[in-house]
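Student: Data file upload-v7.cif (mmCIF, C-alpha atoms) is appended below.
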```
data_structure
#
loop_
_atom_site.label_atom_id
_atom_site.label_comp_id
_atom_site.auth_asym_id
_atom_site.auth_seq_id
_atom_site.Cartn_x
_atom_site.Cartn_y
_atom_site.Cartn_z
CA MET C 197 -173.78 55.99 52.74
CA PHE C 198 -177.10 56.95 51.25
CA ASN C 199 -179.91 58.58 53.16
CA LEU C 200 -182.91 56.41 52.59
CA LYS C 201 -186.53 57.44 52.94
CA GLU C 202 -189.25 56.22 55.26
CA GLU C 203 -191.61 53.56 53.97
CA SER C 204 -194.45 56.07 53.80
CA PHE C 205 -192.53 58.21 51.29
CA VAL C 206 -192.27 55.31 48.83
CA GLU C 207 -195.88 54.30 49.39
CA ASN C 208 -197.15 57.83 48.76
CA ARG C 209 -195.03 58.22 45.65
CA LEU C 210 -196.32 54.97 44.21
CA LYS C 211 -199.91 55.94 45.04
CA GLU C 212 -199.37 59.07 42.96
CA ASP C 213 -198.18 56.85 40.07
CA LYS C 214 -194.74 58.41 40.18
CA TYR C 215 -191.60 56.43 39.48
CA ILE C 216 -188.81 55.85 41.94
CA GLU C 217 -185.90 57.43 40.12
CA GLU C 218 -182.90 57.04 42.40
CA ILE C 219 -181.68 55.62 45.68
CA SER C 220 -182.52 58.80 47.59
CA MET C 221 -186.21 58.07 46.89
CA MET C 222 -186.02 54.50 48.22
CA SER C 223 -186.85 53.00 51.59
CA PRO C 224 -184.62 50.18 52.90
CA LYS C 225 -187.32 47.65 51.94
CA TYR C 226 -187.66 49.02 48.40
CA LEU C 227 -183.88 49.12 47.96
CA ASP C 228 -183.49 45.54 49.13
CA GLY C 229 -186.27 44.35 46.82
CA ILE C 230 -185.08 46.13 43.70
CA LYS C 231 -181.51 44.91 44.28
CA LYS C 232 -182.75 41.32 44.47
CA ILE C 233 -184.75 41.41 41.25
CA LEU C 234 -181.98 43.27 39.40
CA THR C 235 -179.45 40.69 40.59
CA VAL C 236 -181.49 37.85 39.12
CA SER C 237 -181.91 39.74 35.86
CA ALA C 238 -178.24 40.69 35.57
CA ASP C 239 -176.88 37.28 36.56
CA THR C 240 -179.23 35.49 34.17
CA GLU C 241 -178.15 37.64 31.23
CA LEU C 242 -174.47 37.28 32.12
CA VAL C 243 -174.44 33.51 32.55
CA SER C 244 -176.44 33.03 29.35
CA ALA C 245 -173.36 34.25 27.45
CA PRO C 246 -171.02 31.30 28.23
CA ALA C 247 -174.01 28.94 28.18
CA TYR C 248 -174.92 29.98 24.63
CA TYR C 249 -171.30 30.14 23.52
CA LEU C 250 -170.81 26.47 24.32
CA ALA C 251 -173.54 25.58 21.82
CA ALA C 252 -172.71 28.35 19.35
CA LYS C 253 -169.47 26.51 18.59
CA ASP C 254 -171.71 23.91 16.92
CA ALA C 255 -173.00 26.51 14.41
CA PRO C 256 -173.56 25.02 10.94
CA THR C 257 -172.34 28.08 8.97
CA THR C 258 -170.30 31.22 9.52
CA ASN C 259 -173.43 33.35 9.19
CA ALA C 260 -175.18 31.20 11.78
CA PHE C 261 -172.19 31.63 14.10
CA ILE C 262 -172.38 35.41 13.59
CA SER C 263 -176.08 35.29 14.54
CA ALA C 264 -175.30 33.37 17.72
CA MET C 265 -172.44 35.69 18.62
CA GLY C 266 -174.74 38.67 18.00
CA ILE C 267 -177.15 37.20 20.52
CA ILE C 268 -174.36 36.59 23.04
CA GLN C 269 -173.17 40.17 22.62
CA ASP C 270 -176.72 41.39 23.26
CA GLU C 271 -176.94 39.30 26.43
CA LEU C 272 -173.70 40.75 27.76
CA GLY C 273 -175.07 44.22 27.01
CA HIS C 274 -178.26 43.43 28.90
CA ALA C 275 -176.24 42.19 31.86
CA HIS C 276 -174.18 45.37 31.78
CA ILE C 277 -177.35 47.51 31.86
CA ALA C 278 -178.64 45.77 34.99
CA TYR C 279 -175.25 45.78 36.79
CA ARG C 280 -174.83 49.45 35.89
CA LEU C 281 -178.18 50.25 37.48
CA MET C 282 -177.09 48.34 40.57
CA GLU C 283 -173.96 50.44 40.76
CA ASP C 284 -176.20 53.46 41.35
CA LEU C 285 -177.77 51.52 44.21
CA GLY C 286 -174.48 51.22 46.05
CA ILE C 287 -173.21 47.92 44.64
CA ASN C 288 -169.52 47.65 43.75
CA LYS C 289 -169.96 46.25 40.26
CA GLU C 290 -166.45 44.91 39.92
CA GLU C 291 -166.56 42.99 43.19
CA PHE C 292 -170.08 41.84 42.49
CA ILE C 293 -169.27 40.29 39.13
CA TYR C 294 -165.68 39.16 39.55
CA GLU C 295 -165.32 38.23 43.19
CA ARG C 296 -168.56 36.50 43.98
CA ASP C 297 -168.73 32.81 44.69
CA PRO C 298 -170.32 30.88 41.77
CA LYS C 299 -173.02 29.49 44.04
CA SER C 300 -174.26 32.95 44.93
CA PHE C 301 -175.00 33.88 41.32
CA ARG C 302 -178.78 34.00 41.01
CA TYR C 303 -179.92 32.68 37.66
CA PRO C 304 -182.31 29.92 36.62
CA TYR C 305 -181.11 26.37 37.12
CA ALA C 306 -181.70 25.76 33.39
CA PHE C 307 -178.37 27.40 32.56
CA ASP C 308 -176.53 24.93 34.77
CA VAL C 309 -177.41 22.18 32.32
CA PRO C 310 -175.05 22.37 29.33
CA LEU C 311 -176.32 23.32 25.89
CA VAL C 312 -174.02 21.51 23.51
CA THR C 313 -175.65 21.38 20.10
CA TRP C 314 -176.96 23.92 17.61
CA THR C 315 -180.40 22.33 18.01
CA GLU C 316 -180.29 22.95 21.75
CA LEU C 317 -179.26 26.56 21.13
CA ALA C 318 -182.23 27.02 18.79
CA VAL C 319 -184.60 25.66 21.44
CA ALA C 320 -182.90 27.77 24.12
CA ASN C 321 -183.47 30.90 22.03
CA ALA C 322 -187.08 29.91 21.43
CA PHE C 323 -187.81 28.82 25.03
CA TYR C 324 -185.30 30.40 27.44
CA ASP C 325 -185.20 33.77 25.67
CA ARG C 326 -188.99 33.64 25.53
CA ALA C 327 -188.98 33.22 29.32
CA GLY C 328 -186.62 36.18 29.61
CA PHE C 329 -188.80 38.18 27.25
CA VAL C 330 -191.97 37.37 29.23
CA LEU C 331 -190.32 38.35 32.51
CA LEU C 332 -188.76 41.55 31.24
CA ASP C 333 -191.82 42.58 29.25
CA ASP C 334 -193.77 42.29 32.48
CA VAL C 335 -191.15 44.38 34.28
CA PHE C 336 -191.23 46.95 31.47
CA GLY C 337 -195.00 47.27 31.75
CA ASN C 338 -195.15 47.40 35.53
CA THR C 339 -191.90 48.39 37.18
CA THR C 340 -191.92 51.41 39.44
CA PHE C 341 -188.14 51.88 39.08
CA GLY C 342 -187.91 54.46 36.28
CA PRO C 343 -184.29 53.92 35.13
CA TRP C 344 -184.91 50.19 34.61
CA LYS C 345 -188.08 50.79 32.61
CA ARG C 346 -186.28 53.14 30.23
CA ALA C 347 -183.34 50.78 29.84
CA LEU C 348 -185.64 47.90 28.95
CA VAL C 349 -186.80 49.53 25.70
CA LYS C 350 -183.58 48.38 24.03
CA VAL C 351 -183.49 45.03 25.82
CA GLY C 352 -186.99 44.08 24.71
CA LYS C 353 -186.25 44.67 21.03
CA GLU C 354 -183.12 42.54 21.21
CA GLU C 355 -184.81 39.71 23.07
CA GLY C 356 -187.43 39.71 20.30
CA PHE C 357 -184.61 39.07 17.83
CA HIS C 358 -183.32 36.15 19.92
CA LEU C 359 -186.76 34.57 19.99
CA ARG C 360 -187.09 34.93 16.27
CA HIS C 361 -183.69 33.34 15.78
CA GLY C 362 -184.77 30.32 17.78
CA GLU C 363 -188.08 29.99 16.00
CA THR C 364 -186.52 30.37 12.56
CA TRP C 365 -183.97 27.65 13.24
CA MET C 366 -186.56 25.34 14.73
CA LYS C 367 -188.65 25.76 11.56
CA LYS C 368 -185.59 24.96 9.44
CA LEU C 369 -184.47 21.94 11.45
CA VAL C 370 -187.91 20.39 11.75
CA LYS C 371 -188.14 19.92 7.96
CA ASP C 372 -185.59 17.11 8.14
CA PRO C 373 -186.61 13.88 9.95
CA VAL C 374 -183.30 13.70 11.82
CA GLY C 375 -183.57 17.39 12.68
CA LYS C 376 -187.09 16.87 13.97
CA GLU C 377 -185.96 13.97 16.13
CA ARG C 378 -183.17 16.07 17.61
CA LEU C 379 -185.56 18.93 18.26
CA GLN C 380 -188.01 16.64 20.01
CA LYS C 381 -185.22 15.27 22.16
CA ALA C 382 -184.21 18.80 23.14
CA LEU C 383 -187.80 19.85 23.83
CA ASP C 384 -188.32 16.81 26.07
CA TRP C 385 -185.88 18.13 28.65
CA MET C 386 -185.90 21.87 27.92
CA PHE C 387 -189.65 22.45 28.04
CA PRO C 388 -190.12 21.33 31.69
CA LEU C 389 -186.92 23.12 32.65
CA THR C 390 -188.35 26.39 31.31
CA VAL C 391 -191.67 25.80 33.04
CA GLU C 392 -189.65 25.67 36.27
CA TRP C 393 -187.87 28.91 35.31
CA PHE C 394 -190.68 31.07 36.73
CA GLY C 395 -190.07 29.86 40.26
CA LEU C 396 -192.20 28.75 43.16
CA PRO C 397 -195.94 28.48 42.61
CA ASP C 398 -197.99 31.38 43.95
CA SER C 399 -199.39 29.20 46.72
CA LEU C 400 -195.90 28.89 48.25
CA LYS C 401 -194.78 32.47 47.92
CA THR C 402 -194.49 33.86 51.42
CA GLN C 403 -193.74 37.46 50.51
CA ASN C 404 -194.91 39.38 47.54
CA ILE C 405 -192.83 42.50 47.78
CA GLN C 406 -192.10 42.21 44.06
CA LEU C 407 -195.79 42.63 43.31
CA GLU C 408 -196.60 45.03 46.16
CA TYR C 409 -193.87 47.42 45.14
CA GLY C 410 -194.53 46.98 41.48
CA PHE C 411 -191.12 45.60 40.57
CA LYS C 412 -193.18 43.34 38.34
CA GLY C 413 -196.88 42.95 37.54
CA GLN C 414 -197.69 39.25 37.11
CA SER C 415 -197.27 36.48 39.67
CA ASN C 416 -195.06 33.45 38.99
CA ASP C 417 -197.99 31.30 37.94
CA GLN C 418 -199.36 34.02 35.67
CA LEU C 419 -195.96 34.43 34.02
CA ARG C 420 -195.75 30.66 33.51
CA GLN C 421 -199.10 30.81 31.74
CA THR C 422 -198.01 33.74 29.60
CA TRP C 423 -194.94 31.81 28.53
CA MET C 424 -196.89 28.67 27.72
CA SER C 425 -199.43 30.67 25.73
CA THR C 426 -196.86 31.13 22.97
CA ALA C 427 -194.35 28.32 23.63
CA VAL C 428 -196.93 25.52 23.40
CA PRO C 429 -198.52 26.76 20.13
CA LEU C 430 -195.03 27.15 18.64
CA ALA C 431 -194.18 23.51 19.37
CA GLU C 432 -197.59 22.31 18.17
CA SER C 433 -197.32 24.29 14.91
CA LEU C 434 -194.09 22.41 14.15
CA GLY C 435 -195.56 19.00 14.93
CA LEU C 436 -193.49 18.68 18.10
CA LYS C 437 -194.85 17.30 21.34
CA VAL C 438 -194.75 19.12 24.65
CA PRO C 439 -196.31 17.81 27.86
CA ALA C 440 -198.88 20.62 28.16
CA HIS C 441 -202.12 21.69 26.48
CA TYR C 442 -204.74 24.37 26.70
CA CYS C 443 -207.71 23.27 28.82
CA GLU C 444 -210.95 24.86 27.64
CA ASN C 445 -212.69 24.15 30.93
CA LYS C 446 -210.00 25.69 33.10
CA LYS C 447 -209.27 28.41 30.54
CA LYS C 448 -205.56 27.95 31.00
CA TYR C 449 -202.63 25.76 30.03
CA VAL C 450 -202.27 22.59 32.07
CA LEU C 451 -199.21 20.38 32.46
CA GLU C 452 -199.44 16.69 31.63
CA TYR C 453 -196.75 15.58 34.07
CA PRO C 454 -196.18 15.71 37.81
CA PHE C 455 -195.04 19.24 38.57
CA PRO C 456 -192.50 19.61 39.99
CA CYS C 457 -190.64 16.35 39.54
CA LYS C 458 -187.15 14.84 39.60
CA PHE C 459 -184.64 15.65 36.89
CA ASP C 460 -181.65 13.53 35.93
CA ALA C 461 -179.27 16.27 34.81
CA GLN C 462 -176.59 13.88 33.56
CA GLU C 463 -179.04 12.14 31.25
CA LYS C 464 -181.04 15.33 30.59
CA LYS C 465 -184.13 13.38 31.49
CA TRP C 466 -187.22 14.12 33.60
CA LEU C 467 -188.39 11.26 35.80
CA PHE C 468 -192.12 11.77 35.31
CA ASN C 469 -192.90 8.23 36.43
CA GLU C 470 -191.46 8.85 39.90
CA GLY C 471 -194.22 11.34 40.65
CA GLU C 472 -194.33 14.77 42.17
CA ILE C 473 -191.65 16.02 44.55
CA PRO C 474 -191.86 18.93 47.03
CA TRP C 475 -190.75 22.43 46.06
CA ILE C 476 -189.06 23.35 49.34
CA GLU C 477 -188.69 20.76 52.12
CA PRO C 478 -187.03 17.56 50.84
CA ASN C 479 -189.17 14.42 50.81
CA SER C 480 -188.19 11.14 52.47
CA ASP C 481 -185.81 10.42 49.57
CA GLY C 482 -184.10 13.76 50.12
CA TYR C 483 -185.41 15.46 46.98
CA SER C 484 -186.88 18.91 46.54
CA VAL C 485 -186.66 21.44 43.74
CA MET C 486 -185.15 24.05 46.02
CA LYS C 487 -182.43 21.61 47.08
CA ARG C 488 -181.50 20.99 43.42
CA TRP C 489 -181.52 24.72 42.65
CA LYS C 490 -179.36 25.60 45.65
CA LYS C 491 -176.87 22.85 44.93
CA ARG C 492 -176.63 24.24 41.39
CA GLY C 493 -175.73 22.15 38.37
CA GLU C 494 -172.58 20.96 36.68
CA MET C 495 -171.90 24.12 34.63
CA ASN C 496 -172.20 26.67 37.46
CA ASP C 497 -168.52 26.66 38.47
CA GLU C 498 -167.26 26.45 34.90
CA PHE C 499 -169.37 29.31 33.55
CA VAL C 500 -168.56 31.65 36.42
CA GLU C 501 -164.89 30.78 36.06
CA ILE C 502 -165.04 31.66 32.35
CA LEU C 503 -166.61 35.00 33.22
CA GLN C 504 -164.15 35.83 36.03
CA LYS C 505 -160.91 34.34 34.70
CA GLY C 506 -159.77 37.17 32.43
CA HIS C 507 -160.40 39.82 35.06
CA LYS C 508 -158.41 37.90 37.65
CA GLN C 509 -155.51 37.34 35.25
CA VAL C 510 -155.28 41.01 34.34
CA CYS C 511 -155.47 42.06 38.01
CA GLN C 512 -152.62 39.65 38.88
CA MET C 513 -150.57 40.93 35.93
CA LEU C 514 -151.02 44.58 36.96
CA GLU C 515 -150.04 43.80 40.56
CA ARG C 516 -146.65 42.38 39.49
CA MET M 206 -170.41 30.37 -11.47
CA SER M 207 -173.09 33.00 -11.66
CA ASP M 208 -172.81 35.92 -14.03
CA VAL M 209 -171.12 38.95 -12.60
CA ARG M 210 -173.48 41.89 -12.94
CA LYS M 211 -172.70 45.45 -12.03
CA ILE M 212 -175.04 46.24 -9.21
CA VAL M 213 -176.73 49.56 -8.99
CA ILE M 214 -179.83 50.39 -7.03
CA GLN M 215 -182.63 49.64 -9.43
CA ASP M 216 -184.56 52.55 -10.88
CA PRO M 217 -188.20 51.88 -9.96
CA LYS M 218 -189.28 53.18 -13.37
CA LYS M 219 -187.34 50.37 -15.04
CA ARG M 220 -189.13 47.60 -13.18
CA THR M 221 -191.74 45.61 -15.07
CA SER M 222 -195.19 45.65 -13.53
CA ARG M 223 -194.61 42.19 -12.03
CA GLU M 224 -191.23 43.23 -10.65
CA GLU M 225 -192.91 46.22 -9.03
CA GLU M 226 -195.53 43.90 -7.53
CA ILE M 227 -192.80 41.61 -6.19
CA PHE M 228 -190.96 44.60 -4.76
CA GLN M 229 -194.15 45.68 -2.99
CA ILE M 230 -194.75 42.11 -1.74
CA LEU M 231 -191.43 42.32 0.09
CA HIS M 232 -193.05 44.86 2.42
CA ASP M 233 -194.40 41.68 4.09
CA VAL M 234 -190.90 40.72 5.29
CA GLN M 235 -189.94 42.31 8.57
CA ASP M 236 -186.55 43.47 9.76
CA ALA M 237 -185.09 41.15 12.40
CA GLU M 238 -185.29 43.58 15.31
CA PHE M 239 -187.41 46.56 14.41
CA ASP M 240 -191.04 46.68 13.52
CA ILE M 241 -190.44 47.94 10.01
CA ASP M 242 -190.14 45.95 6.82
CA ILE M 243 -187.04 45.33 4.74
CA VAL M 244 -188.21 47.50 1.83
CA ASP M 245 -188.74 50.52 4.10
CA MET M 246 -185.41 49.67 5.69
CA GLY M 247 -183.85 50.12 2.24
CA LEU M 248 -182.37 46.63 2.08
CA ILE M 249 -183.82 45.71 -1.34
CA TYR M 250 -181.74 47.13 -4.15
CA GLY M 251 -183.43 45.37 -7.03
CA VAL M 252 -185.86 42.71 -8.18
CA HIS M 253 -185.33 40.78 -11.44
CA PHE M 254 -188.14 38.50 -12.57
CA ASP M 255 -187.83 35.96 -15.39
CA ASP M 256 -191.36 34.91 -16.26
CA LYS M 257 -190.24 32.05 -18.53
CA LYS M 258 -188.10 30.46 -15.83
CA GLN M 259 -190.49 31.63 -13.13
CA SER M 260 -187.49 32.78 -11.16
CA VAL M 261 -186.56 35.90 -9.22
CA ILE M 262 -183.21 37.35 -8.30
CA VAL M 263 -183.37 39.77 -5.39
CA ASP M 264 -180.48 42.19 -4.97
CA MET M 265 -180.35 42.65 -1.22
CA THR M 266 -178.01 44.28 1.25
CA PHE M 267 -177.77 44.39 5.04
CA THR M 268 -176.98 47.23 7.36
CA SER M 269 -173.56 45.76 8.10
CA MET M 270 -171.38 42.84 7.08
CA SER M 271 -171.65 41.48 10.61
CA CYS M 272 -175.44 41.68 10.68
CA PRO M 273 -176.49 38.73 12.84
CA ALA M 274 -179.77 38.31 10.97
CA MET M 275 -178.48 37.90 7.40
CA ASP M 276 -179.47 34.28 7.10
CA PHE M 277 -182.92 34.44 8.42
CA MET M 278 -183.96 37.64 6.68
CA SER M 279 -182.79 36.03 3.41
CA ASP M 280 -184.79 32.93 4.30
CA ASP M 281 -187.85 35.07 5.00
CA VAL M 282 -187.54 36.68 1.55
CA VAL M 283 -187.33 33.28 -0.15
CA GLU M 284 -190.21 31.88 1.90
CA ARG M 285 -192.45 34.85 1.08
CA LEU M 286 -191.73 34.94 -2.64
CA ILE M 287 -191.87 31.20 -3.22
CA SER M 288 -195.46 31.30 -2.00
CA GLU M 289 -196.37 33.26 -5.17
CA LYS M 290 -197.97 31.06 -7.84
CA ASP M 291 -195.71 32.24 -10.67
CA ILE M 292 -192.43 31.96 -8.73
CA LYS M 293 -190.62 28.63 -8.50
CA ASP M 294 -187.11 29.78 -7.75
CA VAL M 295 -185.70 32.65 -5.69
CA SER M 296 -182.05 33.68 -5.49
CA ILE M 297 -180.70 36.25 -3.10
CA ASN M 298 -177.83 38.25 -4.49
CA VAL M 299 -176.14 39.85 -1.49
CA VAL M 300 -174.79 43.26 -2.42
CA TRP M 301 -172.24 45.26 -0.42
CA ASP M 302 -171.56 48.04 -2.90
CA PRO M 303 -173.09 50.55 -2.63
CA PRO M 304 -173.14 50.06 1.14
CA TRP M 305 -176.36 50.67 3.04
CA ASN M 306 -176.75 53.99 4.81
CA GLN M 307 -179.55 55.86 6.54
CA GLU M 308 -180.51 57.72 3.38
CA MET M 309 -181.74 54.44 1.95
CA LEU M 310 -184.59 54.36 4.45
CA SER M 311 -188.00 55.21 3.06
CA GLN M 312 -190.06 57.91 4.76
CA ASP M 313 -192.01 55.17 6.54
CA GLY M 314 -188.71 53.59 7.53
CA VAL M 315 -187.48 56.87 9.01
CA LYS M 316 -190.74 57.27 10.90
CA GLY M 317 -190.61 53.67 12.09
CA LEU M 318 -187.08 53.96 13.45
CA ASN M 319 -187.93 57.32 15.02
CA ASP M 320 -190.93 55.75 16.73
CA TRP M 321 -188.73 52.95 18.05
CA GLY M 322 -186.24 55.48 19.36
CA VAL M 323 -183.42 54.12 17.22
CA ILE M 324 -182.57 57.23 15.24
CA LYS M 325 -183.27 60.88 15.59
CA TRP M 326 -183.67 62.14 12.07
CA VAL M 327 -182.95 65.81 11.79
#
```
What is this structure when it is put down as structure tokens?
Tutor:
Amino acid sequence: MFNLKEESFVENRLKEDKYIEEISMMSPKYLDGIKKILTVSADTELVSAPAYYLAAKDAPTTNAFISAMGIIQDELGHAHIAYRLMEDLGINKEEFIYERDPKSFRYPYAFDVPLVTWTELAVANAFYDRAGFVLLDDVFGNTTFGPWKRALVKVGKEEGFHLRHGETWMKKLVKDPVGKERLQKALDWMFPLTVEWFGLPDSLKTQNIQLEYGFKGQSNDQLRQTWMSTAVPLAESLGLKVPAHYCENKKKYVLEYPFPCKFDAQEKKWLFNEGEIPWIEPNSDGYSVMKRWKKRGEMNDEFVEILQKGHKQVCQMLER
Amino acid sequence: MSDVRKIVIQDPKKRTSREEEIFQILHDVQDAEFDIDIVDMGLIYGVHFDDKKQSVIVDMTFTSMSCPAMDFMSDDVVERLISEKDIKDVSINVVWDPPWNQEMLSQDGVKGLNDWGVIKWV
């Protein structure tokens, strides 16, 4: 058991612009909050590995496969960093990774939709890794948890490489008419899925402990804007269409489709023409974004099984 | 089949003036992860310009054989050089011997990697 501090201790320390360095400096509220945000970060990095591997098998050359595997190795390393930090916060890392139910892994729904082609991997690196980069760059600039900030120096550089990999391949593929068509098809479903990545809109956030305690600096809507500020120009520079543009009057990026809306995961298709759906409480047809997220998608069980299988097999072998 | 040439790291004094310019132009190409360029990283072993054919052969290495960024750093070199008016063709000659090591970093490269916290140069 750890002896935690009173809330006032944390508040005073943060007022003095001092980092929280270890669990003995945390209040129960701070500890709970930092565990939650680290869980999302760690789980996202971990699940990205099997998700990317599925598409990496479609690599066009050995060198391209090495690039993809390099990225996957980085992602596993990033996951390890976050889980390792959680270990110092009283989490049993082994149980947490290998014995958790797939549904309780906390990563963006986007990874539950299978990436099966090299084109989709390129777009994932350009869009999903950009989302990860935006989120972690914000954490790096604002987190009050010192060990995480220091660990993110390495993570940020590597995520930059992943982004560049995606952009480079998109630039290569777009030169060919068939490649451009495939890219457009991938963008059509992956762009809105990444817009969703940043979570509930600010107007629906009931608690802002992540901002109050400086686990991160920007709100969900601000992060969405930050992401679009580079993702949209990238697509436009390649002559690809995305359903968003910069509005001079509003001085921000605006979406050109009902947000949020229904997604047909099997067909990888957004049903824009069916209009907006609620974020939390299901509508009369039983749809809401939260309901889809909680139900998880088709790859959730498979990816977690891939990640846990080897550990379980070795444990069984050693018990014999 | 291309000619087999014995690769040595090119003596800067033996470069023609245009080869030296091309070498310097390659400072525009960045390493895949770090904010330093591939010349300062020591990845460019030689530049061979044929003004009649308007072609360049770049002797280039990588920090390891499993470098995940081999393809796209090579592509970046081609893309940068092909934008020169007198260059119509660029070939990358990947060289593994002599292998890259830290001593191939330029002073700016050493400073860059120090600043990024990658190496501690003593």
Student: Would you give me, as CSV, each residue of chain C having an atom within 12 Å of an atom of chain M, along with its shortest atom pair and that distance in Å to one decimal, using all atoms listed in the file and sorting by chain and residue number?
Tutor:
```
residue,atom,partner,partner_atom,distance
C:Pro256,CA,M:Asp276,CA,11.6
C:Thr257,CA,M:Asp276,CA,9.6
C:Thr258,CA,M:Asp276,CA,10.0
C:Asn259,CA,M:Asp276,CA,6.5
C:Ala260,CA,M:Asp276,CA,7.1
C:Phe261,CA,M:Pro273,CA,8.4
C:Ile262,CA,M:Pro273,CA,5.3
C:Ser263,CA,M:Pro273,CA,3.9
C:Ala264,CA,M:Pro273,CA,7.3
C:Met265,CA,M:Pro273,CA,7.7
C:Gly266,CA,M:Pro273,CA,5.4
C:Ile267,CA,M:Pro273,CA,7.9
C:Ile268,CA,M:Pro273,CA,10.6
C:Gln269,CA,M:Pro273,CA,10.4
C:Asp270,CA,M:Pro273,CA,10.8
C:Arg346,CA,M:Gly322,CA,11.1
C:Ala347,CA,M:Gly322,CA,11.8
C:Val349,CA,M:Trp321,CA,8.6
C:Lys350,CA,M:Gly322,CA,8.9
C:Val351,CA,M:Glu238,CA,10.8
C:Gly352,CA,M:Glu238,CA,9.6
C:Lys353,CA,M:Glu238,CA,5.9
C:Glu354,CA,M:Glu238,CA,6.4
C:Glu355,CA,M:Glu238,CA,8.7
C:Gly356,CA,M:Glu238,CA,6.7
C:Phe357,CA,M:Glu238,CA,5.2
C:His358,CA,M:Glu238,CA,9.0
C:Leu359,CA,M:Ala237,CA,10.2
C:Arg360,CA,M:Ala237,CA,7.6
C:His361,CA,M:Phe277,CA,7.5
C:Gly362,CA,M:Phe277,CA,10.4
C:Glu363,CA,M:Phe277,CA,10.2
C:Thr364,CA,M:Phe277,CA,6.8
C:Trp365,CA,M:Phe277,CA,8.4
C:Met366,CA,M:Phe277,CA,11.7
C:Lys367,CA,M:Phe277,CA,10.9
C:Lys368,CA,M:Asp280,CA,9.5
```
Student: Tell me which residues the PyMOL selection byres ((chain C and resi 251) around 9) grabs here, as a ChimeraX atom specification.
Tutor: /C:246-250,252-255,264,310-317
Student: Go ahead and compute the interatomic distance for atom CA of Ile243 of chain M and atom CA of Val295 of chain M, in Å to one decimal.
Tutor: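 According to the coordinates, atom CA of Ile243 of chain M and atom CA of Val295 of chain M are separated by 16.5 Å.
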Student: Apply the PyMOL selection byres ((chain C and resi 294) around 10) to the displayed file and report the matching residues as a PDB file with C-alpha atoms, in the frame of the given file.
Tutor:
```
ATOM      1  CA  LYS C 289    -169.960  46.250  40.260  1.00  0.00           C
ATOM      2  CA  GLU C 290    -166.450  44.910  39.920  1.00  0.00           C
ATOM      3  CA  GLU C 291    -166.560  42.990  43.190  1.00  0.00           C
ATOM      4  CA  PHE C 292    -170.080  41.840  42.490  1.00  0.00           C
ATOM      5  CA  ILE C 293    -169.270  40.290  39.130  1.00  0.00           C
ATOM      6  CA  GLU C 295    -165.320  38.230  43.190  1.00  0.00           C
ATOM      7  CA  ARG C 296    -168.560  36.500  43.980  1.00  0.00           C
ATOM      8  CA  ASP C 297    -168.730  32.810  44.690  1.00  0.00           C
ATOM      9  CA  PRO C 298    -170.320  30.880  41.770  1.00  0.00           C
ATOM     10  CA  VAL C 500    -168.560  31.650  36.420  1.00  0.00           C
ATOM     11  CA  GLU C 501    -164.890  30.780  36.060  1.00  0.00           C
ATOM     12  CA  LEU C 503    -166.610  35.000  33.220  1.00  0.00           C
ATOM     13  CA  GLN C 504    -164.150  35.830  36.030  1.00  0.00           C
ATOM     14  CA  LYS C 505    -160.910  34.340  34.700  1.00  0.00           C
ATOM     15  CA  GLY C 506    -159.770  37.170  32.430  1.00  0.00           C
ATOM     16  CA  HIS C 507    -160.400  39.820  35.060  1.00  0.00           C
ATOM     17  CA  LYS C 508    -158.410  37.900  37.650  1.00  0.00           C
TER      18      LYS C 508
END
```
Student: Need the shell around Lys487 of chain C: protein/DNA/RNA residues with any atom at most 8 Å away, counting only C-alpha atoms. Skip same-chain ones fewer than 4 positions apart. Format as a PDB file with C-alpha atoms, in the frame of the given file?
Tutor:
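Listing of around05.pdb after writing:
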```
ATOM      1  CA  ILE C 476    -189.060  23.350  49.340  1.00  0.00           C
ATOM      2  CA  PRO C 478    -187.030  17.560  50.840  1.00  0.00           C
ATOM      3  CA  TYR C 483    -185.410  15.460  46.980  1.00  0.00           C
ATOM      4  CA  LYS C 491    -176.870  22.850  44.930  1.00  0.00           C
TER       5      LYS C 491
END
```
Student: On this file, the PyMOL selection byres ((chain M and resi 254-264) around 6) gives some set of residues; write that set as a PyMOL selection string.
Tutor: chain M and resi 224+250-253+265+291-298
Student: To one decimal place, how far is atom CA of Lys465 of chain C from atom CA of Val485 of chain C in Å?
Tutor: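 Interatomic distance here is 14.9 Å.
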Student: Show which residues sit within 7 Å of Leu451 of chain C, as a ChimeraX atom specification. Count all atoms listed in the file, and ignore same-chain residues fewer than 4 positions away.
Tutor: /C:439-441
Student: Could you write out that same residue set with C-alpha atoms as a CSV table (one decimal), in the frame of the given file?
Tutor:
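Output saved as again10.csv:
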```
chain,number,residue,atom,x,y,z
C,439,PRO,CA,-196.3,17.8,27.9
C,440,ALA,CA,-198.9,20.6,28.2
C,441,HIS,CA,-202.1,21.7,26.5
```
Student: List every protein, DNA or RNA residue that has at least one atom no more than 9 Å from (-196.0, 40.2, -2.6) in the file's coordinates, counting all atoms listed in the file, and write the result as number ranges by chain.
Tutor: M: 226-233, 285-286, 288-289
Student: Just to confirm, what's the straight-line distance from atom CA of Val206 of chain C to atom CA of Met221 of chain C in Å (one decimal)?
Tutor: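 Here the two named atoms are 6.9 Å from each other.
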Student: Restricting the calculation to all atoms listed in the file: of C:Asp239, C:Tyr279, C:Gln418, C:Glu203, which residue gets closest to Lys299 of chain C?
Tutor: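 Closest to Lys299 of chain C, using all atoms listed in the file: C:Asp239.
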Student: Contacts of Trp489 of chain C at 10 Å or less, counting all atoms listed in the file, minus same-chain residues fewer than 5 places along, as a list in words?
Tutor: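 In the requested form, the answer reads Lys299, Arg302, Tyr303, Pro304, Tyr305, Ala306, Asp308 and Ser484 of chain C.
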